file final-v4.csv (CSV, C-alpha atoms)
chain,number,residue,atom,x,y,z
A,1,MET,CA,-76.5,148.4,-109.8
A,2,SER,CA,-72.8,148.3,-110.4
A,3,ALA,CA,-71.5,144.8,-111.3
A,4,LEU,CA,-67.9,146.0,-111.4
A,5,LEU,CA,-68.1,147.6,-108.0
A,6,THR,CA,-69.8,144.6,-106.6
A,7,GLY,CA,-67.0,142.4,-107.9
A,8,LYS,CA,-64.4,144.7,-106.3
A,9,ALA,CA,-66.2,144.5,-103.0
A,10,PHE,CA,-65.9,140.7,-103.0
A,11,GLU,CA,-62.1,141.1,-103.3
A,12,VAL,CA,-61.7,143.7,-100.5
A,13,ARG,CA,-60.2,142.4,-97.2
A,14,VAL,CA,-62.2,143.7,-94.3
A,15,GLY,CA,-61.1,141.5,-91.4
A,16,PRO,CA,-61.2,138.0,-89.9
A,17,SER,CA,-63.7,138.7,-87.0
A,18,GLN,CA,-67.4,137.9,-87.2
A,19,ALA,CA,-68.3,141.5,-87.1
A,20,GLU,CA,-65.9,142.4,-89.9
A,21,ARG,CA,-67.2,139.5,-92.0
A,22,ASN,CA,-70.7,140.9,-91.5
A,23,ALA,CA,-69.5,144.3,-92.5
A,24,LYS,CA,-68.1,142.8,-95.7
A,25,GLN,CA,-71.6,141.5,-96.6
A,26,VAL,CA,-73.0,144.9,-96.0
A,27,LEU,CA,-70.3,146.4,-98.2
A,28,THR,CA,-71.1,144.0,-101.0
A,29,LEU,CA,-74.8,144.8,-100.7
A,30,LEU,CA,-74.1,148.6,-100.8
A,31,ALA,CA,-72.0,148.0,-103.9
A,32,ASN,CA,-75.0,146.2,-105.5
A,33,PHE,CA,-77.2,149.3,-104.7
A,34,ALA,CA,-74.6,151.8,-106.0
A,35,ASP,CA,-75.2,154.1,-108.9
A,36,GLU,CA,-72.7,155.0,-111.6
A,37,ASN,CA,-70.9,157.4,-109.2
A,38,ASP,CA,-70.4,154.6,-106.6
A,39,ARG,CA,-73.0,156.1,-104.3
A,40,ALA,CA,-75.6,154.1,-102.5
A,41,TRP,CA,-78.4,155.2,-100.1
A,42,PRO,CA,-80.5,152.2,-99.0
A,43,SER,CA,-82.1,152.5,-95.6
A,44,VAL,CA,-81.0,150.5,-92.6
A,45,ASP,CA,-84.2,148.6,-92.7
A,46,THR,CA,-83.7,147.7,-96.3
A,47,LEU,CA,-80.2,146.3,-95.6
A,48,ALA,CA,-81.5,144.4,-92.6
A,49,ASP,CA,-84.3,142.8,-94.6
A,50,LYS,CA,-81.9,141.8,-97.5
A,51,LEU,CA,-79.3,140.3,-95.1
A,52,GLU,CA,-81.9,138.9,-92.7
A,53,CYS,CA,-80.4,140.5,-89.6
A,54,SER,CA,-81.2,143.1,-87.1
A,55,PRO,CA,-80.9,146.9,-87.7
A,56,SER,CA,-78.4,147.2,-84.9
A,57,ALA,CA,-76.1,144.7,-86.7
A,58,ILE,CA,-76.4,146.8,-89.9
A,59,LYS,CA,-75.5,150.0,-88.0
A,60,ARG,CA,-72.5,148.3,-86.4
A,61,ALA,CA,-71.3,147.1,-89.8
A,62,LEU,CA,-71.6,150.6,-91.3
A,63,ARG,CA,-69.5,152.0,-88.4
A,64,ILE,CA,-66.8,149.4,-89.1
A,65,LEU,CA,-66.8,150.2,-92.8
A,66,GLU,CA,-66.6,153.9,-92.1
A,67,ALA,CA,-63.8,153.4,-89.6
A,68,LYS,CA,-61.8,151.4,-92.2
A,69,GLY,CA,-62.4,154.1,-94.8
A,70,LEU,CA,-64.2,151.7,-97.2
A,71,ILE,CA,-67.3,154.0,-97.2
A,72,VAL,CA,-67.7,157.7,-96.6
A,73,ARG,CA,-71.0,159.3,-95.5
A,74,ASP,CA,-71.9,162.2,-97.8
A,75,GLU,CA,-73.4,164.7,-95.5
A,76,ASN,CA,-73.9,167.5,-98.2
A,77,TYR,CA,-75.8,165.2,-100.5
A,78,GLY,CA,-78.5,164.6,-97.9
A,79,THR,CA,-79.2,168.3,-97.3
A,80,ARG,CA,-81.0,168.4,-100.6
A,81,TYR,CA,-84.0,166.8,-98.9
A,82,GLY,CA,-86.1,167.7,-95.9
A,83,ALA,CA,-84.6,167.1,-92.5
A,84,ASP,CA,-87.3,164.6,-91.7
A,85,ARG,CA,-86.5,162.4,-94.7
A,86,SER,CA,-82.8,163.1,-95.4
A,87,PRO,CA,-81.1,159.9,-96.5
A,88,PHE,CA,-77.7,158.7,-95.6
A,89,VAL,CA,-75.7,158.6,-98.8
A,90,TYR,CA,-72.6,156.5,-98.7
A,91,GLN,CA,-69.7,157.0,-101.1
A,92,ILE,CA,-68.0,153.6,-101.6
A,93,THR,CA,-64.2,154.1,-101.7
A,94,ILE,CA,-62.6,150.6,-102.2
A,95,ASP,CA,-60.3,151.3,-105.1
A,96,ASP,CA,-57.2,151.5,-102.9
A,97,ALA,CA,-58.4,149.0,-100.2
A,98,GLU,CA,-56.4,146.0,-99.1
A,99,GLN,CA,-57.2,143.0,-101.3
A,100,VAL,CA,-57.9,139.4,-100.3
A,101,THR,CA,-54.8,137.2,-100.7
A,102,LYS,CA,-55.7,134.0,-102.5
A,103,GLN,CA,-53.9,130.8,-101.6
A,104,ARG,CA,-54.0,127.8,-103.9
A,105,ARG,CA,-53.8,125.3,-101.0
A,106,ARG,CA,-55.1,122.4,-103.1
A,107,ALA,CA,-52.5,122.9,-105.8
A,108,LYS,CA,-49.7,123.2,-103.3
A,109,ALA,CA,-50.8,120.0,-101.4
A,110,LYS,CA,-51.0,118.0,-104.7
A,111,ALA,CA,-47.6,119.3,-105.7
A,112,LYS,CA,-46.1,118.1,-102.4
A,113,GLU,CA,-47.8,114.8,-102.7
A,114,ARG,CA,-46.4,114.3,-106.2
A,115,GLU,CA,-42.9,115.3,-105.1
A,116,LYS,CA,-43.0,112.9,-102.2
A,117,ALA,CA,-44.2,110.1,-104.5
A,118,ARG,CA,-41.3,110.8,-106.9
A,119,GLU,CA,-38.8,110.7,-104.1
A,120,GLN,CA,-40.2,107.3,-102.9
A,121,ARG,CA,-39.8,105.9,-106.4
A,122,GLY,CA,-36.1,107.2,-106.5
A,123,PHE,CA,-36.6,110.0,-109.0
A,124,THR,CA,-34.9,113.3,-108.5
A,125,ARG,CA,-35.0,116.6,-110.3
A,126,ASP,CA,-31.4,116.0,-111.5
A,127,THR,CA,-31.7,114.2,-114.8
A,128,PRO,CA,-28.7,112.1,-115.9
A,129,ARG,CA,-26.9,113.0,-119.1
A,130,ASP,CA,-28.3,111.5,-122.3
A,131,THR,CA,-31.6,110.7,-120.6
A,132,THR,CA,-35.0,112.4,-120.7
A,133,ALA,CA,-37.1,112.6,-117.6
A,134,GLU,CA,-40.8,112.5,-118.5
A,135,PRO,CA,-42.8,113.9,-115.7
A,136,PRO,CA,-46.2,112.4,-114.9
A,137,ARG,CA,-49.0,113.4,-117.1
A,138,GLY,CA,-50.4,116.8,-116.2
A,139,PHE,CA,-47.4,117.7,-114.0
A,140,THR,CA,-45.1,120.7,-114.7
A,141,ASN,CA,-42.5,122.1,-112.5
A,142,ASP,CA,-43.2,125.6,-113.5
A,143,HIS,CA,-46.8,125.7,-112.6
A,144,ASP,CA,-47.0,123.3,-109.6
A,145,GLY,CA,-49.4,121.0,-111.5
A,146,GLY,CA,-51.7,123.7,-112.9
A,147,SER,CA,-51.8,126.1,-115.8
A,148,HIS,CA,-51.8,129.9,-115.3
A,149,VAL,CA,-53.9,130.4,-118.4
A,150,THR,CA,-57.5,129.3,-118.7
A,151,PRO,CA,-58.9,127.9,-121.9
A,152,ARG,CA,-60.3,131.3,-122.7
A,153,GLY,CA,-57.1,133.2,-122.1
A,154,GLY,CA,-57.8,134.5,-118.6
A,155,SER,CA,-55.2,134.5,-115.9
A,156,HIS,CA,-55.5,133.1,-112.3
A,157,VAL,CA,-54.5,134.9,-109.2
A,158,ASN,CA,-51.8,133.0,-107.3
A,159,GLU,CA,-48.7,133.4,-105.2
A,160,ARG,CA,-46.6,134.4,-108.2
A,161,GLY,CA,-48.4,137.7,-108.9
A,162,PHE,CA,-50.7,136.7,-111.7
A,163,THR,CA,-53.9,138.7,-111.5
A,164,ARG,CA,-57.3,138.5,-113.1
A,165,GLU,CA,-60.4,140.7,-113.4
A,166,PRO,CA,-62.8,140.1,-110.5
A,167,GLN,CA,-65.7,137.8,-111.1
A,168,THR,CA,-69.1,138.8,-110.0
A,169,LEU,CA,-72.4,137.0,-109.4
A,170,ILE,CA,-75.4,139.2,-109.3
A,171,GLU,CA,-79.0,138.0,-109.2
A,172,HIS,CA,-80.8,139.9,-111.9
A,173,PRO,CA,-84.6,139.9,-111.9
A,174,ILE,CA,-86.2,137.3,-114.1
A,175,GLN,CA,-88.3,139.9,-115.9
A,176,HIS,CA,-87.4,143.6,-116.2
A,177,PRO,CA,-90.0,145.9,-114.6
A,178,ARG,CA,-90.7,147.6,-117.9
A,179,GLU,CA,-91.3,144.2,-119.5
A,180,SER,CA,-93.7,143.2,-116.8
A,181,THR,CA,-95.6,146.5,-117.1
A,182,ARG,CA,-95.7,146.1,-120.9
A,183,ALA,CA,-97.0,142.5,-120.6
A,184,ASN,CA,-99.8,143.5,-118.2
A,185,LYS,CA,-100.7,146.4,-120.4
A,186,THR,CA,-100.9,144.1,-123.4
A,187,GLU,CA,-103.1,141.6,-121.6
A,188,ASN,CA,-105.5,144.3,-120.4
A,189,GLN,CA,-105.7,145.6,-124.0
A,190,ARG,CA,-106.5,142.1,-125.3
A,191,ARG,CA,-109.1,141.6,-122.6
A,192,GLN,CA,-110.8,144.8,-123.5
A,193,THR,CA,-110.7,144.0,-127.2
A,194,LEU,CA,-112.3,140.6,-126.6
A,195,THR,CA,-115.1,142.3,-124.5
A,196,GLU,CA,-115.8,144.8,-127.3
A,197,PHE,CA,-115.5,142.4,-130.2
A,198,GLN,CA,-118.5,142.1,-132.5
A,199,PRO,CA,-118.6,139.7,-135.4
A,200,ASP,CA,-118.8,141.3,-138.9
A,201,GLU,CA,-120.9,140.2,-141.9
A,202,THR,CA,-118.5,137.6,-143.0
A,203,LEU,CA,-118.6,135.8,-139.6
A,204,GLN,CA,-122.4,136.1,-139.6
A,205,ALA,CA,-122.5,134.5,-143.0
A,206,LEU,CA,-120.1,131.7,-141.8
A,207,ALA,CA,-122.3,131.0,-138.8
A,208,ASP,CA,-125.4,130.8,-140.9
A,209,GLN,CA,-123.6,128.5,-143.3
A,210,LEU,CA,-122.5,126.2,-140.5
A,211,GLY,CA,-125.9,126.3,-138.7
A,212,PHE,CA,-124.8,128.2,-135.6
A,213,ASN,CA,-126.6,130.8,-133.5
A,214,LEU,CA,-124.0,133.6,-133.7
A,215,ALA,CA,-125.0,135.3,-130.4
A,216,TYR,CA,-124.9,132.1,-128.5
A,217,GLU,CA,-121.5,131.0,-129.9
A,218,LEU,CA,-120.1,134.5,-129.3
A,219,GLU,CA,-121.0,134.2,-125.6
A,220,LYS,CA,-119.5,130.8,-125.3
A,221,PHE,CA,-116.4,132.0,-127.1
A,222,ARG,CA,-115.9,134.9,-124.6
A,223,ASP,CA,-116.6,132.7,-121.6
A,224,ALA,CA,-114.2,130.0,-122.7
A,225,ASN,CA,-111.3,132.5,-123.2
A,226,THR,CA,-112.0,134.3,-119.9
A,227,ALA,CA,-112.1,131.1,-118.0
A,228,LYS,CA,-108.7,130.0,-119.4
A,229,GLY,CA,-107.2,133.5,-119.0
A,230,THR,CA,-106.2,133.5,-122.7
A,231,TYR,CA,-107.1,136.6,-124.8
A,232,PRO,CA,-106.5,136.2,-128.5
A,233,ALA,CA,-104.5,138.9,-130.3
A,234,ASP,CA,-107.0,138.7,-133.2
A,235,PRO,CA,-110.5,137.9,-131.9
A,236,ALA,CA,-112.0,137.8,-135.3
A,237,ALA,CA,-109.6,135.1,-136.5
A,238,ALA,CA,-109.9,133.2,-133.2
A,239,PHE,CA,-113.8,133.3,-133.4
A,240,ARG,CA,-113.6,132.1,-137.0
A,241,ASN,CA,-111.6,129.1,-135.9
A,242,TRP,CA,-114.0,128.5,-133.1
A,243,LEU,CA,-116.9,128.2,-135.5
A,244,LYS,CA,-115.0,125.9,-137.8
A,245,HIS,CA,-113.9,123.7,-135.0
A,246,GLY,CA,-117.4,123.5,-133.7
A,247,ALA,CA,-118.6,122.4,-137.1
A,248,GLU,CA,-115.9,119.7,-137.2
A,249,LEU,CA,-117.2,118.4,-133.8
A,250,GLY,CA,-120.7,118.3,-135.1
A,251,ILE,CA,-122.0,121.0,-132.8
A,252,ASN,CA,-124.3,122.6,-135.3
A,253,GLY,CA,-127.5,123.4,-133.3
A,254,LYS,CA,-129.1,126.8,-133.2
A,255,PRO,CA,-130.9,127.4,-129.9
A,256,THR,CA,-133.7,129.9,-130.1
A,257,ASP,CA,-135.5,129.3,-126.8
A,258,GLY,CA,-132.5,129.3,-124.4
A,259,THR,CA,-132.1,125.5,-124.5
A,260,MET,CA,-128.8,123.7,-125.2
A,261,PRO,CA,-128.0,123.2,-128.9
A,262,ALA,CA,-128.3,119.8,-130.4
A,263,LEU,CA,-125.2,117.8,-131.1
A,264,ALA,CA,-124.5,115.4,-134.0
A,265,GLY,CA,-127.2,112.7,-133.9
A,266,GLY,CA,-129.9,115.1,-132.5
A,267,GLU,CA,-128.8,114.9,-128.9
A,268,SER,CA,-128.4,117.9,-126.6
A,269,GLU,CA,-125.4,118.5,-124.5
A,270,LEU,CA,-127.2,117.3,-121.4
A,271,GLU,CA,-128.2,114.1,-123.2
A,272,ARG,CA,-124.7,113.5,-124.3
A,273,ARG,CA,-123.4,113.9,-120.7
A,274,ALA,CA,-126.2,111.6,-119.5
A,275,ARG,CA,-125.3,108.9,-122.1
A,276,LYS,CA,-121.7,109.1,-121.1
A,277,LEU,CA,-122.6,108.7,-117.5
A,278,VAL,CA,-124.8,105.6,-117.9
A,279,ASP,CA,-122.3,104.0,-120.3
A,280,SER,CA,-119.1,104.6,-118.1
A,281,SER,CA,-120.3,104.3,-114.5
A,282,THR,CA,-119.4,100.9,-113.0
A,283,PRO,CA,-122.1,101.1,-110.2
A,284,LEU,CA,-124.8,101.8,-112.8
A,285,LYS,CA,-123.6,98.9,-114.9
A,286,ARG,CA,-123.8,96.7,-111.8
A,287,ARG,CA,-127.3,98.1,-111.0
A,288,GLN,CA,-128.5,97.4,-114.6
A,289,PRO,CA,-126.3,95.2,-116.7
A,290,ASP,CA,-128.6,95.6,-119.8
A,291,ALA,CA,-127.2,98.5,-121.8
A,292,GLU,CA,-130.5,99.0,-123.6
A,293,ARG,CA,-132.4,99.4,-120.4
A,294,ARG,CA,-129.8,101.8,-119.0
A,295,HIS,CA,-130.1,103.9,-122.1
A,296,ALA,CA,-133.8,104.3,-121.3
A,297,TRP,CA,-132.6,106.3,-118.2
A,298,ILE,CA,-130.9,109.0,-120.4
A,299,PRO,CA,-133.8,111.5,-120.6
A,300,ALA,CA,-134.3,111.3,-116.8
A,301,VAL,CA,-130.6,111.6,-116.1
A,302,ALA,CA,-130.4,114.5,-118.5
A,303,ARG,CA,-133.2,116.3,-116.6
A,304,LEU,CA,-131.3,115.8,-113.3
A,305,LEU,CA,-128.1,117.2,-114.8
A,306,GLY,CA,-130.1,120.1,-116.1
A,307,LYS,CA,-131.3,120.9,-112.6
A,308,GLY,CA,-127.7,121.1,-111.4
A,309,ARG,CA,-127.5,117.7,-109.8
A,310,PRO,CA,-123.9,116.4,-109.6
A,311,ALA,CA,-123.1,113.2,-111.4
A,312,PRO,CA,-121.9,111.3,-108.2
A,313,ASP,CA,-125.3,112.2,-106.6
A,314,ILE,CA,-127.2,110.9,-109.5
A,315,VAL,CA,-125.3,107.6,-109.5
A,316,ALA,CA,-125.9,107.2,-105.7
A,317,LEU,CA,-129.6,108.0,-106.2
A,318,ILE,CA,-130.0,105.3,-108.9
A,319,CYS,CA,-128.0,102.7,-107.0
A,320,THR,CA,-129.5,103.2,-103.5
A,321,GLY,CA,-132.8,104.9,-104.2
A,322,ASN,CA,-136.3,103.6,-103.7
A,323,PRO,CA,-137.5,101.9,-106.9
A,324,GLU,CA,-140.9,103.6,-106.7
A,325,GLU,CA,-139.4,107.1,-106.3
A,326,LEU,CA,-137.0,106.3,-109.3
A,327,ASN,CA,-140.0,105.2,-111.4
A,328,GLU,CA,-141.7,108.6,-110.7
A,329,ILE,CA,-138.7,110.5,-112.2
A,330,GLY,CA,-138.5,108.3,-115.2
A,331,ILE,CA,-136.0,105.7,-114.2
A,332,GLU,CA,-137.7,102.3,-114.5
A,333,MET,CA,-136.4,99.8,-111.8
A,334,ASP,CA,-139.3,97.3,-111.7
A,335,ASP,CA,-137.4,94.3,-112.8
A,336,LEU,CA,-134.2,95.0,-110.9
A,337,GLU,CA,-133.0,93.6,-107.6
A,338,GLU,CA,-132.0,96.2,-105.0
A,339,ILE,CA,-128.4,96.2,-104.0
A,340,ALA,CA,-127.9,95.1,-100.4
call {"tool": "encode", "arguments": {"input": "final-v4.csv", "output": "structure tokens"}}
result
Amino acid sequence: MSALLTGKAFEVRVGPSQAERNAKQVLTLLANFADENDRAWPSVDTLADKLECSPSAIKRALRILEAKGLIVRDENYGTRYGADRSPFVYQITIDDAEQVTKQRRRAKAKAKEREKAREQRGFTRDTPRDTTAEPPRGFTNDHDGGSHVTPRGGSHVNERGFTREPQTLIEHPIQHPRESTRANKTENQRRQTLTEFQPDETLQALADQLGFNLAYELEKFRDANTAKGTYPADPAAAFRNWLKHGAELGINGKPTDGTMPALAGGESELERRARKLVDSSTPLKRRQPDAERRHAWIPAVARLLGKGRPAPDIVALICTGNPEELNEIGIEMDDLEEIA
């Protein structure tokens, strides 16, 4: 990619017709593909995809550019490859090409308007002796209302011959390919490190001190990071924080038979979820306004959650189910009125 060459391509005058304007777009894209020797060899299909046009339009534009001498097909360079895959290599030759003439139409129009307004007010360029003519603010006769020098010292191109370096606008990729490859490699390495991570004696001692089952917590730690797609750079430090954070939350049970660990207060995770459901569900509160009686449902609701029953289904079952069937699963409904 040659930024300087692309900038020069923008300044080249190709022609006013639609075909010539299309050819200038192709020239600019070729300059964007060019190497340090001003050579480019993209295929016709690549150019057509980039400019969203047909291959025939690209071929026509290339013929126009060759006819105007803006590109030269390098036949010898292509012979280095096999005949079936010999590329068309184009040498971009725009150093001596005709440049676009810039016209500051807006500045000229404003200058004419100011001059006309001055004449209507009776002012002329001839200033009487011993008087000083103060032009309107921002107006100078030398520059037609504008300054030739930008705040940073650059010069504009105008009808008086002032020139400037061509400005270019190239879309660079958001992430360099090497950086993307490096990021993927780092993520894969961290994922492998997490998979192979085994706690040492210090982590085992910390788990025993806090009352955790080390194997169970390690499995939860790996699953949580995999689910979120985050792989810590230091699994040992992250797992240490995991254990400490669990202790702060009061999750200090040590399952030995495959059941869920007890939370603070002696409740299991399923019982905690069941308690939250019966305390927060508005339909359940309507079904049983008495909080103490609703809390008697917690063991049965926990068993339903343990069987994989979704919470909305459990709420619907309690609100619309047969009282006798609910009594059989441990949800006492004898003293309640059925909802119509």
call {"tool": "atom_distance", "arguments": {"input": "final-v4.csv", "atom1": "CA of Pro42 (chain A)", "atom2": "CA of Val26 (chain A)"}}
result
10.9 Å
call {"tool": "atom_distance", "arguments": {"input": "final-v4.csv", "atom1": "CA of Pro283 (chain A)", "atom2": "CA of Pro299 (chain A)"}}
result
18.8 Å
call {"tool": "closest_residue", "arguments": {"input": "final-v4.csv", "among": "A:Gln288, A:Ser280, A:Gln25, A:Asn225", "to": "Phe10 (chain A)", "atoms": "only C-alpha atoms"}}
result
A:Gln25
call {"tool": "closest_residue", "arguments": {"input": "final-v4.csv", "among": "A:Ile64, A:Leu304, A:Pro289, A:Gly15", "to": "Ala274 (chain A)", "atoms": "only C-alpha atoms"}}
result
A:Leu304
call {"tool": "residues_around", "arguments": {"input": "final-v4.csv", "residues": "Asp74 (chain A)", "least_positions_apart": "4", "cutoff": "7 Å", "atoms": "only C-alpha atoms", "output": "list in words"}}
result
Val89, Tyr90 and Gln91 of chain A
call {"tool": "closest_residue", "arguments": {"input": "final-v4.csv", "among": "A:Glu36, A:Glu115, A:Glu269, A:Glu201", "to": "Leu4 (chain A)", "atoms": "all atoms listed in the file"}}
result
A:Glu36
call {"tool": "residues_around", "arguments": {"input": "final-v4.csv", "residues": "Arg21 (chain A)", "least_positions_apart": "3", "cutoff": "12 Å", "atoms": "all atoms listed in the file", "output": "list in words"}}
result
Phe10, Val12, Arg13, Val14, Gly15, Pro16, Ser17, Gln18, Lys24, Gln25, Val26, Leu27, Thr28, Ala57, Ile58, Arg60, Ala61, Leu62, Ile64 and Leu65 of chain A
call {"tool": "closest_residue", "arguments": {"input": "final-v4.csv", "among": "A:Arg114, A:Phe212, A:Leu270, A:Thr202", "to": "Gly308 (chain A)", "atoms": "only C-alpha atoms"}}
result
A:Leu270
call {"tool": "closest_residue", "arguments": {"input": "final-v4.csv", "among": "A:Asn188, A:Ala316, A:Asn22, A:Asp290", "to": "Cys53 (chain A)", "atoms": "all atoms listed in the file"}}
result
A:Asn22
call {"tool": "closest_residue", "arguments": {"input": "final-v4.csv", "among": "A:Ala227, A:Ala236, A:Leu29, A:Ala247", "to": "Asp208 (chain A)", "atoms": "only C-alpha atoms"}}
result
A:Ala247
call {"tool": "atom_distance", "arguments": {"input": "final-v4.csv", "atom1": "CA of Thr226 (chain A)", "atom2": "CA of Lys244 (chain A)"}}
result
20.0 Å
call {"tool": "build_atoms", "arguments": {"input": "final-v4.csv", "residues": "region 280-294 of chain A", "atoms": "N, CA and C atoms", "output": "PDB file, in the coordinates of the input"}}
result
ATOM      1  N   SER A 280    -120.478 104.740-118.730  1.00  0.00           N
ATOM      2  CA  SER A 280    -119.100 104.600-118.100  1.00  0.00           C
ATOM      3  C   SER A 280    -119.166 104.332-116.636  1.00  0.00           C
ATOM      4  N   SER A 281    -120.292 104.514-115.964  1.00  0.00           N
ATOM      5  CA  SER A 281    -120.300 104.300-114.500  1.00  0.00           C
ATOM      6  C   SER A 281    -120.423 102.837-114.170  1.00  0.00           C
ATOM      7  N   THR A 282    -119.434 102.353-113.431  1.00  0.00           N
ATOM      8  CA  THR A 282    -119.400 100.900-113.000  1.00  0.00           C
ATOM      9  C   THR A 282    -120.577 100.611-112.072  1.00  0.00           C
ATOM     10  N   PRO A 283    -120.895 101.459-111.062  1.00  0.00           N
ATOM     11  CA  PRO A 283    -122.100 101.100-110.200  1.00  0.00           C
ATOM     12  C   PRO A 283    -123.364 101.037-110.982  1.00  0.00           C
ATOM     13  N   LEU A 284    -123.537 101.900-112.002  1.00  0.00           N
ATOM     14  CA  LEU A 284    -124.800 101.800-112.800  1.00  0.00           C
ATOM     15  C   LEU A 284    -124.794 100.548-113.629  1.00  0.00           C
ATOM     16  N   LYS A 285    -123.636 100.113-114.102  1.00  0.00           N
ATOM     17  CA  LYS A 285    -123.600  98.900-114.900  1.00  0.00           C
ATOM     18  C   LYS A 285    -123.922  97.675-113.971  1.00  0.00           C
ATOM     19  N   ARG A 286    -123.473  97.733-112.710  1.00  0.00           N
ATOM     20  CA  ARG A 286    -123.800  96.700-111.800  1.00  0.00           C
ATOM     21  C   ARG A 286    -125.346  96.696-111.487  1.00  0.00           C
ATOM     22  N   ARG A 287    -125.863  97.908-111.346  1.00  0.00           N
ATOM     23  CA  ARG A 287    -127.300  98.100-111.000  1.00  0.00           C
ATOM     24  C   ARG A 287    -128.164  97.575-112.177  1.00  0.00           C
ATOM     25  N   GLN A 288    -127.745  97.836-113.406  1.00  0.00           N
ATOM     26  CA  GLN A 288    -128.500  97.400-114.600  1.00  0.00           C
ATOM     27  C   GLN A 288    -127.516  96.965-115.645  1.00  0.00           C
ATOM     28  N   PRO A 289    -127.231  95.661-115.743  1.00  0.00           N
ATOM     29  CA  PRO A 289    -126.300  95.200-116.700  1.00  0.00           C
ATOM     30  C   PRO A 289    -126.741  95.374-118.177  1.00  0.00           C
ATOM     31  N   ASP A 290    -128.025  95.448-118.398  1.00  0.00           N
ATOM     32  CA  ASP A 290    -128.600  95.600-119.800  1.00  0.00           C
ATOM     33  C   ASP A 290    -128.357  97.000-120.246  1.00  0.00           C
ATOM     34  N   ALA A 291    -127.523  97.173-121.295  1.00  0.00           N
ATOM     35  CA  ALA A 291    -127.200  98.500-121.800  1.00  0.00           C
ATOM     36  C   ALA A 291    -128.463  99.179-122.373  1.00  0.00           C
ATOM     37  N   GLU A 292    -129.339  98.407-123.016  1.00  0.00           N
ATOM     38  CA  GLU A 292    -130.500  99.000-123.600  1.00  0.00           C
ATOM     39  C   GLU A 292    -131.447  99.595-122.564  1.00  0.00           C
ATOM     40  N   ARG A 293    -131.585  98.897-121.438  1.00  0.00           N
ATOM     41  CA  ARG A 293    -132.400  99.400-120.400  1.00  0.00           C
ATOM     42  C   ARG A 293    -131.767 100.630-119.691  1.00  0.00           C
ATOM     43  N   ARG A 294    -130.434 100.589-119.589  1.00  0.00           N
ATOM     44  CA  ARG A 294    -129.800 101.800-119.000  1.00  0.00           C
ATOM     45  C   ARG A 294    -129.949 102.976-119.899  1.00  0.00           C
TER      46      ARG A 294
END
